[in-house]
Amino acid sequence: MKVTYQYQFYPDTNQKLTLNHWLRICRYWYNRQLGDRFDWWEKNRTAINACPLVASISAPREKPNYYSQKQQLPALKKDLVKVFHSGELLDFKQVDSTILQDVSKRVDKAFERFIVGDSKGGRSGKPRFKTEADYRTMTFSTANSDWIKLVRKNWFYIRLPKLGVIKVRRHRPIPDGFTVKQISVTRKADGWFAQIMLEDASVPQFISDKVTPNWDNSIGLDAVLHEDVYLATSSGEKLPSLKPLRKNQAKLDRISKKRNKRKRGCSARRKLAKKEARQHQKIARSRQDFHYKTAHKLVRSGAKFFFHEDLNLKGLTKRNKVKLSG
């Protein structure tokens, strides 16, 4: 059995600078590998139903994969890497090797979902180059239980490679018998968070009881989406909606207007951007908390089966084109 617990940790100033620099290097490494795959894709693919009018004259090369791109890391660590568009110098030796290898794995998965698809045949959209706001997570794939050091009442400490000991708030204890398999660190609007993946092979997988649905152990769910009603059940209960965005829209607009009036690159604009990000995070967390509480309320009703309305959500989001006045 595998579970993931999330904890907030508090790095000091030097550790924050190091983590932000690591994110910068990982983002550059991600975009470089993705650009290399796009270059191979454009120069080596040919439509099967038409002859291309423009074709590359370069010799075909093998498709880049996880292993071939990962083998570039030893050469990149020998010297500083210069970013073409900004002239910035990046030192790949500062970043833990498992983090850079995990970046290569992320690129490989994103590109394969684009050109091949998943096990059900569904294909994802074209991967995008990551901006500073998009790339926020790094993964230590070789973590183990020895990385967790002193454990106190409300705190414990984690020793991360090339970073040192970090203080972590212990809001929930780690279950007995579980071992650490992986640790990911994420930068959010209100601080840094660590996702610790735990595993205990002795815990069996949950097997549901074979129960036949009937009128007594089943509940039907219908999306009402009318005024303040969010969900209606077959028992006649109507659940109100939270509408966190509408309640905070006026405050978001005030912050956005102030931010847009400031000059790009100034400290005041950056402060307002952080304030806006925290407001968006508050809305997202309140919406997620509302969904969890609604689900728990339905589960505590004692029903074993839930039948929901088969909505065409993609069709509901579409609207008719605006009629232009002549």
# chains A, B, ... in the order shown; residues from 1 in each chain; ligands from 1
>>> select_by_dssp(residues="stretch 165-298 of chain A", states="alpha helix (DSSP H)", output="PyMOL selection string")
chain A and resi 244-261+267-298
>>> residues_around(residues="stretch 220-231 of chain A", least_positions_apart="6", cutoff="8 Å", atoms="only C-alpha atoms", output="VMD selection string")
chain A and resid 238 to 241 306 to 309
>>> write_last_selection(atoms="N, CA and C atoms", output="PDB file, in the first residue's frame")
ATOM      1  N   LYS A 238     -31.160  18.853  -1.038  1.00  0.00           N
ATOM      2  CA  LYS A 238     -30.486  19.798  -1.928  1.00  0.00           C
ATOM      3  C   LYS A 238     -29.281  20.382  -1.209  1.00  0.00           C
ATOM      4  N   LEU A 239     -28.126  20.268  -1.836  1.00  0.00           N
ATOM      5  CA  LEU A 239     -26.888  20.742  -1.242  1.00  0.00           C
ATOM      6  C   LEU A 239     -26.527  22.092  -1.840  1.00  0.00           C
ATOM      7  N   PRO A 240     -26.264  23.091  -1.013  1.00  0.00           N
ATOM      8  CA  PRO A 240     -25.928  24.424  -1.551  1.00  0.00           C
ATOM      9  C   PRO A 240     -24.506  24.463  -2.079  1.00  0.00           C
ATOM     10  N   SER A 241     -24.253  25.388  -2.979  1.00  0.00           N
ATOM     11  CA  SER A 241     -22.917  25.555  -3.544  1.00  0.00           C
ATOM     12  C   SER A 241     -22.140  26.590  -2.752  1.00  0.00           C
ATOM     13  N   PHE A 306     -23.521   5.073  -5.659  1.00  0.00           N
ATOM     14  CA  PHE A 306     -23.897   6.425  -6.043  1.00  0.00           C
ATOM     15  C   PHE A 306     -23.996   6.487  -7.566  1.00  0.00           C
ATOM     16  N   PHE A 307     -25.144   6.883  -8.043  1.00  0.00           N
ATOM     17  CA  PHE A 307     -25.378   6.993  -9.487  1.00  0.00           C
ATOM     18  C   PHE A 307     -25.480   8.474  -9.839  1.00  0.00           C
ATOM     19  N   HIS A 308     -24.539   8.931 -10.678  1.00  0.00           N
ATOM     20  CA  HIS A 308     -24.506  10.353 -11.028  1.00  0.00           C
ATOM     21  C   HIS A 308     -25.016  10.550 -12.449  1.00  0.00           C
ATOM     22  N   GLU A 309     -25.408  11.756 -12.734  1.00  0.00           N
ATOM     23  CA  GLU A 309     -25.928  12.103 -14.047  1.00  0.00           C
ATOM     24  C   GLU A 309     -24.806  12.116 -15.067  1.00  0.00           C
TER      25      GLU A 309
END
>>> closest_residue(among="A:Ile219, A:Lys247, A:Ser267, A:Ile283", to="A:Gly302", atoms="only C-alpha atoms")
A:Ile219
>>> residues_around(residues="stretch 32-43 of chain A", least_positions_apart="2", cutoff="9 Å", atoms="only C-alpha atoms", output="PyMOL selection string")
chain A and resi 27-30+45-46+55-65+69+104+107-108+111+127-129
>>> residues_around(residues="A:Ala284", least_positions_apart="5", cutoff="9 Å", atoms="only C-alpha atoms", output="list in words")
Pro244, Leu245, Gln279 and Asp289 of chain A
>>> write_last_selection(atoms="C-alpha atoms", output="tab-separated table (two decimals), in the first residue's frame")
chain	number	residue	atom	x	y	z
A	244	PRO	CA	-15.75	30.82	-3.60
A	245	LEU	CA	-14.74	32.59	-6.79
A	279	GLN	CA	-5.84	34.84	-3.05
A	289	ASP	CA	-12.30	21.51	1.12
>>> select_by_dssp(residues="stretch 186-250 of chain A", states="strand (DSSP E)", output="ChimeraX atom specification")
/A:186-188,191-199,218-226,229-233,238-240
>>> write_last_selection(atoms="C-alpha atoms", output="mmCIF file, in the first residue's frame")
data_model
loop_
_atom_site.group_PDB
_atom_site.id
_atom_site.type_symbol
_atom_site.label_atom_id
_atom_site.label_comp_id
_atom_site.auth_asym_id
_atom_site.auth_seq_id
_atom_site.Cartn_x
_atom_site.Cartn_y
_atom_site.Cartn_z
ATOM 1 C CA THR A 186 7.031 22.102 -4.197
ATOM 2 C CA ARG A 187 7.081 25.887 -4.067
ATOM 3 C CA LYS A 188 3.621 27.348 -3.523
ATOM 4 C CA GLY A 191 5.736 28.593 1.224
ATOM 5 C CA TRP A 192 7.481 25.295 0.536
ATOM 6 C CA PHE A 193 5.814 21.894 0.881
ATOM 7 C CA ALA A 194 7.176 18.341 0.910
ATOM 8 C CA GLN A 195 5.198 15.381 -0.455
ATOM 9 C CA ILE A 196 6.466 12.207 1.218
ATOM 10 C CA MET A 197 5.492 8.933 -0.468
ATOM 11 C CA LEU A 198 5.183 6.090 2.042
ATOM 12 C CA GLU A 199 4.841 2.359 1.442
ATOM 13 C CA SER A 218 -28.211 3.518 -3.526
ATOM 14 C CA ILE A 219 -28.400 7.284 -4.002
ATOM 15 C CA GLY A 220 -28.834 9.187 -7.254
ATOM 16 C CA LEU A 221 -26.989 12.479 -7.737
ATOM 17 C CA ASP A 222 -28.092 15.247 -10.057
ATOM 18 C CA ALA A 223 -26.200 18.464 -10.812
ATOM 19 C CA VAL A 224 -28.735 21.267 -10.398
ATOM 20 C CA LEU A 225 -26.541 24.340 -10.945
ATOM 21 C CA HIS A 226 -29.455 26.685 -10.253
ATOM 22 C CA VAL A 229 -28.278 24.758 -5.233
ATOM 23 C CA TYR A 230 -25.238 22.738 -6.210
ATOM 24 C CA LEU A 231 -26.343 19.109 -5.992
ATOM 25 C CA ALA A 232 -29.626 17.241 -5.480
ATOM 26 C CA THR A 233 -30.002 13.664 -4.304
ATOM 27 C CA LYS A 238 -30.486 19.798 -1.928
ATOM 28 C CA LEU A 239 -26.888 20.742 -1.242
ATOM 29 C CA PRO A 240 -25.928 24.424 -1.551
#
>>> closest_residue(among="A:Arg170, A:Lys251, A:Lys82, A:Lys77", to="A:Asp96", atoms="only C-alpha atoms")
A:Lys77
>>> closest_residue(among="A:Phe92, A:Phe178, A:Ser286, A:Ser184", to="A:Ser202", atoms="only C-alpha atoms")
A:Phe178
>>> closest_residue(among="A:Leu73, A:Ala201, A:Ala268, A:Val185", to="A:Lys16", atoms="only C-alpha atoms")
A:Val185
>>> closest_residue(among="A:Thr142, A:Gly265, A:Leu163, A:Asp216", to="A:Thr13", atoms="only C-alpha atoms")
A:Leu163
>>> residues_around(residues="A:Ile255", least_positions_apart="6", cutoff="8 Å", atoms="only C-alpha atoms", output="JSON, numbers by chain")
{"A": [272, 275, 276]}
>>> residues_around(residues="stretch 21-23 of chain A", least_positions_apart="4", cutoff="8 Å", atoms="only C-alpha atoms", output="PDB file with N, CA, C and O atoms, in the first residue's frame")
ATOM      1  N   LEU A  17      17.328  30.186  -1.398  1.00  0.00           N
ATOM      2  CA  LEU A  17      18.056  30.598  -2.605  1.00  0.00           C
ATOM      3  C   LEU A  17      18.521  29.379  -3.397  1.00  0.00           C
ATOM      4  O   LEU A  17      18.462  29.368  -4.638  1.00  0.00           O
ATOM      5  N   ARG A  27      14.139  23.756 -14.767  1.00  0.00           N
ATOM      6  CA  ARG A  27      13.259  24.288 -15.807  1.00  0.00           C
ATOM      7  C   ARG A  27      14.004  24.425 -17.127  1.00  0.00           C
ATOM      8  O   ARG A  27      13.481  24.103 -18.199  1.00  0.00           O
ATOM      9  N   GLN A  94      25.516  21.630  -9.040  1.00  0.00           N
ATOM     10  CA  GLN A  94      24.912  21.999  -7.771  1.00  0.00           C
ATOM     11  C   GLN A  94      23.660  21.190  -7.466  1.00  0.00           C
ATOM     12  O   GLN A  94      23.279  21.040  -6.308  1.00  0.00           O
ATOM     13  N   VAL A  95      22.993  20.671  -8.500  1.00  0.00           N
ATOM     14  CA  VAL A  95      21.720  19.972  -8.323  1.00  0.00           C
ATOM     15  C   VAL A  95      21.981  18.484  -8.124  1.00  0.00           C
ATOM     16  O   VAL A  95      22.878  17.902  -8.758  1.00  0.00           O
ATOM     17  N   TYR A 135       6.785  25.517 -13.517  1.00  0.00           N
ATOM     18  CA  TYR A 135       7.680  24.488 -12.988  1.00  0.00           C
ATOM     19  C   TYR A 135       7.977  24.804 -11.524  1.00  0.00           C
ATOM     20  O   TYR A 135       8.708  25.742 -11.218  1.00  0.00           O
ATOM     21  N   ARG A 136       7.413  24.005 -10.606  1.00  0.00           N
ATOM     22  CA  ARG A 136       7.541  24.318  -9.189  1.00  0.00           C
ATOM     23  C   ARG A 136       7.913  23.109  -8.328  1.00  0.00           C
ATOM     24  O   ARG A 136       8.021  23.238  -7.113  1.00  0.00           O
ATOM     25  N   THR A 137       8.113  21.928  -8.920  1.00  0.00           N
ATOM     26  CA  THR A 137       8.306  20.705  -8.133  1.00  0.00           C
ATOM     27  C   THR A 137       9.579  19.996  -8.545  1.00  0.00           C
ATOM     28  O   THR A 137       9.892  19.893  -9.735  1.00  0.00           O
ATOM     29  N   MET A 138      10.306  19.497  -7.545  1.00  0.00           N
ATOM     30  CA  MET A 138      11.489  18.661  -7.759  1.00  0.00           C
ATOM     31  C   MET A 138      11.332  17.389  -6.935  1.00  0.00           C
ATOM     32  O   MET A 138      10.795  17.421  -5.823  1.00  0.00           O
TER      33      MET A 138
END
>>> atom_distance(atom1="atom CA of A:Phe140", atom2="atom CA of A:Gln182")
6.0 Å
>>> closest_residue(among="A:Ile99, A:Lys258, A:Cys266, A:Gly87", to="A:Leu19", atoms="only C-alpha atoms")
A:Ile99
>>> residues_around(residues="A:Val211", least_positions_apart="5", cutoff="10 Å", atoms="only C-alpha atoms", output="PyMOL selection string")
chain A and resi 217+304-305
>>> atom_distance(atom1="atom CA of A:Pro11", atom2="atom CA of A:His171")
17.0 Å
>>> atom_distance(atom1="atom CA of A:Ala277", atom2="atom CA of A:Asp190")
8.7 Å
